[in-house]
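Worksheet for the structure shown next.
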Amino acid sequence: MDVMNMAEELILTQEGYDKLQEELDDLKYVKRKELAERIKLAISYGDLKENSEYHSAKNDQAFMETRIIILEKTLNSARIVDSKQVSSTTVNVGSNVVLNDIEFAEKLEYQVVGPAEADVLNNKVSYESPLGKALMGKAVGDQVNVDAPMGIVKYELLEIKVL
């Protein structure tokens with residue numbers, strides 16, 4: 001996979017694509033109906049000028065519709081990484097990596113994903129993040145230096161897993 005082309009296209013793992021599709025379906029087929037009911041109820045309270053429930057619901061509707069548009073564009077322009085084509089010899093989108101934090105002698109495990117599915121709390125780092133950029137194309141045994149707010153963090157790549 002050419003890193004230069006990744007900037008022009010959105011890359012997702014199948015899991016990330018499915019999760020975004022699930023969110024889109026929930027917004028379109030469940031949340032829209034719930035919000036329509038909220039708006040209908042708020043309208044029944046009368047005078048819309050000073051009806052905070054109505055304005056709140058309309059605000060929520062605008063945010064939801066914007067999120068729907070973003071998700072649709074994301075899913076329509078996404079390229080899904082085929083897990084069968086992910087290399088076990090070099091890091092790429094879809095790779096699961098085991099790192100050793102050299103300073104703290106701590107093992108860490110991450111999955112390298114596209115920016116739309118990055119979730120640091122669940123150990124998913126974007127290939128566009130400082131860590132993701134440093135890992136791309138690296139092999140087991142390589143050392144990577146990541147420029148972090150606290151300074152340079154050094155990792156050794158211990159393992160590349162393909163799920």
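Labels used: A, B, ... for chains in the order of the structure tokens, numbers from 1 for residues in each chain, and numbers from 1 for ligands as shown.
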Checklist entry - If you run DSSP on the backbone, which residues of chain A are strand (DSSP E), as a PyMOL selection string? => result chain A and resi 10-13+78-81+96-101+106-113+124-126+143-148+151-161
Checklist entry - Which residues, written as a ChimeraX atom specification, have at least one atom at most 7 Å from Leu99 (chain A), with only C-alpha atoms counted and residues fewer than 3 positions away on the same chain left out? => result /A:107-109,155-158
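With only C-alpha atoms as the atoms that count, the residue of A:Val146, A:Leu48, A:Ile160, A:Ile69 with the shortest distance to Gly132 (chain A) is A:Val146.
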Next on the checklist: Can you pull out the residues contacting Lys31 (chain A)? Cut-off 12 Å, using only C-alpha atoms, and skip same-chain residues under 2 positions away; I want them as an MDAnalysis selection string.
Outcome noted: chainID A and resid 23:29 33:38 57 60:61 63:65 67:68
What lies within 10 Å of region 138-140 of chain A using only C-alpha atoms, ignoring chain neighbours under 2 positions off, as a compact mmCIF listing (two decimals) with all heavy atoms, in the first residue's frame?
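Wrote out-v5.txt, looks like this:
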# COMPACT_ATOMS: atom_id res chain seq x y z
N SER A 88 2.41 -9.64 7.34
CA SER A 88 2.87 -9.96 8.68
C SER A 88 4.34 -9.61 8.85
O SER A 88 4.93 -9.84 9.90
CB SER A 88 2.65 -11.45 8.98
OG SER A 88 3.39 -12.23 8.07
N THR A 89 4.94 -9.03 7.79
CA THR A 89 6.36 -8.67 7.86
C THR A 89 6.61 -7.18 8.02
O THR A 89 7.63 -6.79 8.57
CB THR A 89 7.12 -9.18 6.61
OG1 THR A 89 6.51 -8.62 5.44
CG2 THR A 89 7.10 -10.69 6.54
N THR A 90 5.67 -6.35 7.54
CA THR A 90 5.80 -4.90 7.73
C THR A 90 4.47 -4.32 8.18
O THR A 90 3.40 -4.83 7.84
CB THR A 90 6.24 -4.18 6.43
OG1 THR A 90 5.29 -4.43 5.41
CG2 THR A 90 7.64 -4.61 6.00
N VAL A 91 4.54 -3.23 8.93
CA VAL A 91 3.34 -2.60 9.48
C VAL A 91 2.61 -1.84 8.38
O VAL A 91 3.22 -1.13 7.59
CB VAL A 91 3.71 -1.63 10.63
CG1 VAL A 91 2.46 -0.91 11.14
CG2 VAL A 91 4.41 -2.37 11.75
N ASN A 92 1.30 -2.02 8.37
CA ASN A 92 0.43 -1.32 7.44
C ASN A 92 -0.92 -1.14 8.10
O ASN A 92 -1.14 -1.61 9.21
CB ASN A 92 0.30 -2.13 6.14
CG ASN A 92 0.27 -1.23 4.94
OD1 ASN A 92 -0.44 -0.23 4.94
ND2 ASN A 92 1.03 -1.56 3.92
N VAL A 97 0.13 -4.49 16.23
CA VAL A 97 1.54 -4.48 16.59
C VAL A 97 1.72 -4.57 18.10
O VAL A 97 0.91 -4.07 18.86
CB VAL A 97 2.24 -3.21 16.05
CG1 VAL A 97 2.21 -3.16 14.54
CG2 VAL A 97 1.63 -1.95 16.63
N VAL A 98 2.80 -5.24 18.48
CA VAL A 98 3.20 -5.29 19.88
C VAL A 98 4.51 -4.52 19.96
O VAL A 98 5.47 -4.80 19.24
CB VAL A 98 3.39 -6.75 20.38
CG1 VAL A 98 3.85 -6.75 21.83
CG2 VAL A 98 2.10 -7.54 20.21
N LEU A 99 4.50 -3.51 20.83
CA LEU A 99 5.66 -2.63 20.99
C LEU A 99 6.23 -2.75 22.39
O LEU A 99 5.50 -3.04 23.34
CB LEU A 99 5.25 -1.17 20.76
CG LEU A 99 4.56 -0.82 19.45
CD1 LEU A 99 4.07 0.62 19.49
CD2 LEU A 99 5.51 -1.02 18.29
N LYS A 133 2.40 7.02 11.90
CA LYS A 133 3.36 7.40 10.86
C LYS A 133 4.72 6.73 11.10
O LYS A 133 5.36 6.26 10.17
CB LYS A 133 3.55 8.92 10.82
CG LYS A 133 2.42 9.66 10.17
CD LYS A 133 2.68 11.16 10.20
CE LYS A 133 1.50 11.92 9.66
NZ LYS A 133 1.68 13.39 9.77
N ALA A 134 5.13 6.72 12.36
CA ALA A 134 6.43 6.13 12.70
C ALA A 134 6.44 4.62 12.45
O ALA A 134 7.48 4.06 12.10
CB ALA A 134 6.78 6.44 14.15
N LEU A 135 5.29 3.96 12.62
CA LEU A 135 5.23 2.51 12.48
C LEU A 135 5.09 2.03 11.04
O LEU A 135 5.54 0.93 10.71
CB LEU A 135 4.05 1.96 13.28
CG LEU A 135 4.20 1.97 14.80
CD1 LEU A 135 2.88 1.63 15.47
CD2 LEU A 135 5.29 1.00 15.24
N MET A 136 4.47 2.83 10.18
CA MET A 136 4.18 2.38 8.82
C MET A 136 5.45 1.89 8.11
O MET A 136 6.46 2.58 8.05
CB MET A 136 3.53 3.50 8.01
CG MET A 136 2.14 3.89 8.50
SD MET A 136 0.94 2.57 8.43
CE MET A 136 0.72 2.41 6.69
N ASP A 142 12.65 -3.45 14.41
CA ASP A 142 12.94 -2.03 14.16
C ASP A 142 12.62 -1.20 15.40
O ASP A 142 11.74 -1.54 16.19
CB ASP A 142 12.10 -1.49 12.99
CG ASP A 142 12.58 -1.97 11.63
OD1 ASP A 142 13.67 -2.59 11.56
OD2 ASP A 142 11.86 -1.75 10.64
N GLN A 143 13.37 -0.12 15.53
CA GLN A 143 13.11 0.83 16.60
C GLN A 143 12.46 2.06 15.97
O GLN A 143 12.86 2.49 14.89
CB GLN A 143 14.42 1.22 17.29
CG GLN A 143 14.20 2.02 18.54
CD GLN A 143 15.50 2.23 19.32
OE1 GLN A 143 16.47 1.50 19.14
NE2 GLN A 143 15.51 3.22 20.17
N VAL A 144 11.44 2.59 16.63
CA VAL A 144 10.78 3.80 16.13
C VAL A 144 10.83 4.87 17.21
O VAL A 144 10.73 4.58 18.40
CB VAL A 144 9.32 3.54 15.70
CG1 VAL A 144 9.26 2.62 14.51
CG2 VAL A 144 8.47 3.01 16.82
N GLU A 156 10.41 -0.37 20.47
CA GLU A 156 10.94 -1.44 19.64
C GLU A 156 9.73 -2.25 19.17
O GLU A 156 8.86 -2.59 19.98
CB GLU A 156 11.89 -2.34 20.41
CG GLU A 156 12.42 -3.47 19.56
CD GLU A 156 13.27 -4.46 20.33
OE1 GLU A 156 13.43 -4.31 21.55
OE2 GLU A 156 13.75 -5.42 19.70
N LEU A 157 9.68 -2.57 17.89
CA LEU A 157 8.59 -3.35 17.32
C LEU A 157 8.88 -4.83 17.58
O LEU A 157 9.82 -5.39 17.02
CB LEU A 157 8.44 -3.06 15.82
CG LEU A 157 7.33 -3.76 15.06
CD1 LEU A 157 5.98 -3.55 15.71
CD2 LEU A 157 7.30 -3.27 13.63
N LEU A 158 8.09 -5.44 18.46
CA LEU A 158 8.32 -6.83 18.87
C LEU A 158 7.59 -7.84 18.00
O LEU A 158 8.09 -8.94 17.77
CB LEU A 158 7.88 -7.04 20.33
CG LEU A 158 8.57 -6.20 21.39
CD1 LEU A 158 7.94 -6.48 22.76
CD2 LEU A 158 10.06 -6.48 21.41
N GLU A 159 6.38 -7.46 17.53
CA GLU A 159 5.58 -8.43 16.81
C GLU A 159 4.56 -7.72 15.93
O GLU A 159 4.05 -6.66 16.28
CB GLU A 159 4.84 -9.30 17.85
CG GLU A 159 4.08 -10.46 17.30
CD GLU A 159 3.40 -11.28 18.40
OE1 GLU A 159 3.59 -11.01 19.60
OE2 GLU A 159 2.64 -12.20 18.03
N ILE A 160 4.28 -8.32 14.79
CA ILE A 160 3.21 -7.85 13.90
C ILE A 160 2.22 -9.01 13.78
O ILE A 160 2.59 -10.09 13.34
CB ILE A 160 3.73 -7.46 12.50
CG1 ILE A 160 4.76 -6.33 12.62
CG2 ILE A 160 2.56 -7.05 11.60
CD1 ILE A 160 5.48 -6.03 11.32
Next on the checklist: Quick one: residues within 7 Å of Leu12 (chain A), only C-alpha atoms, excluding same-chain residues fewer than 3 positions away - as a PyMOL selection string?
Outcome noted: chain A and resi 16-17+78-81+113-114
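Residues surrounding Val162 (chain A) within 9 Å are Ser83, Lys84, Val86, Ser87, Ser88, Gly94, Ser95, Asn96 and Val97 of chain A [only C-alpha atoms; sequence separation below 6 positions excluded].
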Could the residues in this selection be saved with C-alpha atoms as a short mmCIF file (atom, residue, chain, number, x, y, z; two decimals), in the first residue's frame?
data_model
loop_
_atom_site.label_atom_id
_atom_site.label_comp_id
_atom_site.auth_asym_id
_atom_site.auth_seq_id
_atom_site.Cartn_x
_atom_site.Cartn_y
_atom_site.Cartn_z
CA SER A 83 -7.23 -8.47 6.16
CA LYS A 84 -5.97 -11.29 3.92
CA VAL A 86 -2.20 -7.31 5.39
CA SER A 87 1.46 -8.21 5.66
CA SER A 88 2.87 -9.96 8.68
CA GLY A 94 -4.89 -3.23 9.63
CA SER A 95 -1.73 -4.47 11.35
CA ASN A 96 -1.80 -5.30 15.03
CA VAL A 97 1.54 -4.48 16.59
#
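Note that the spacing between CA of Lys58 (chain A) and CA of Lys19 (chain A) amounts to 26.1 Å.
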Next on the checklist: For the structure I just gave you, how does DSSP split region 35-142 of chain A - specifically, which residues are alpha helix (DSSP H)? Reply as a ChimeraX atom specification.
Outcome noted: /A:35-44,52-77,130-135
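Taking CA of Asn59 (chain A) and CA of Gly46 (chain A) as the two end points, the separation is 17.9 Å.
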Checklist entry - For Ile70 (chain A), which residue among A:Ala116, A:Glu50, A:Ile39, A:Phe104 is the nearest when counting only C-alpha atoms? => result A:Ala116
Item to check | Among the residues A:Asn51, A:Gln14, A:Asn100, A:Ser129, the one that comes closest to Gly141 (chain A) [using only C-alpha atoms] | outcome: A:Asn100
Item to check | A:Glu53, A:Lys73, A:Glu117, A:Leu131 ranked by distance to Asn145 (chain A), top pick (using only C-alpha atoms) | outcome: A:Leu131
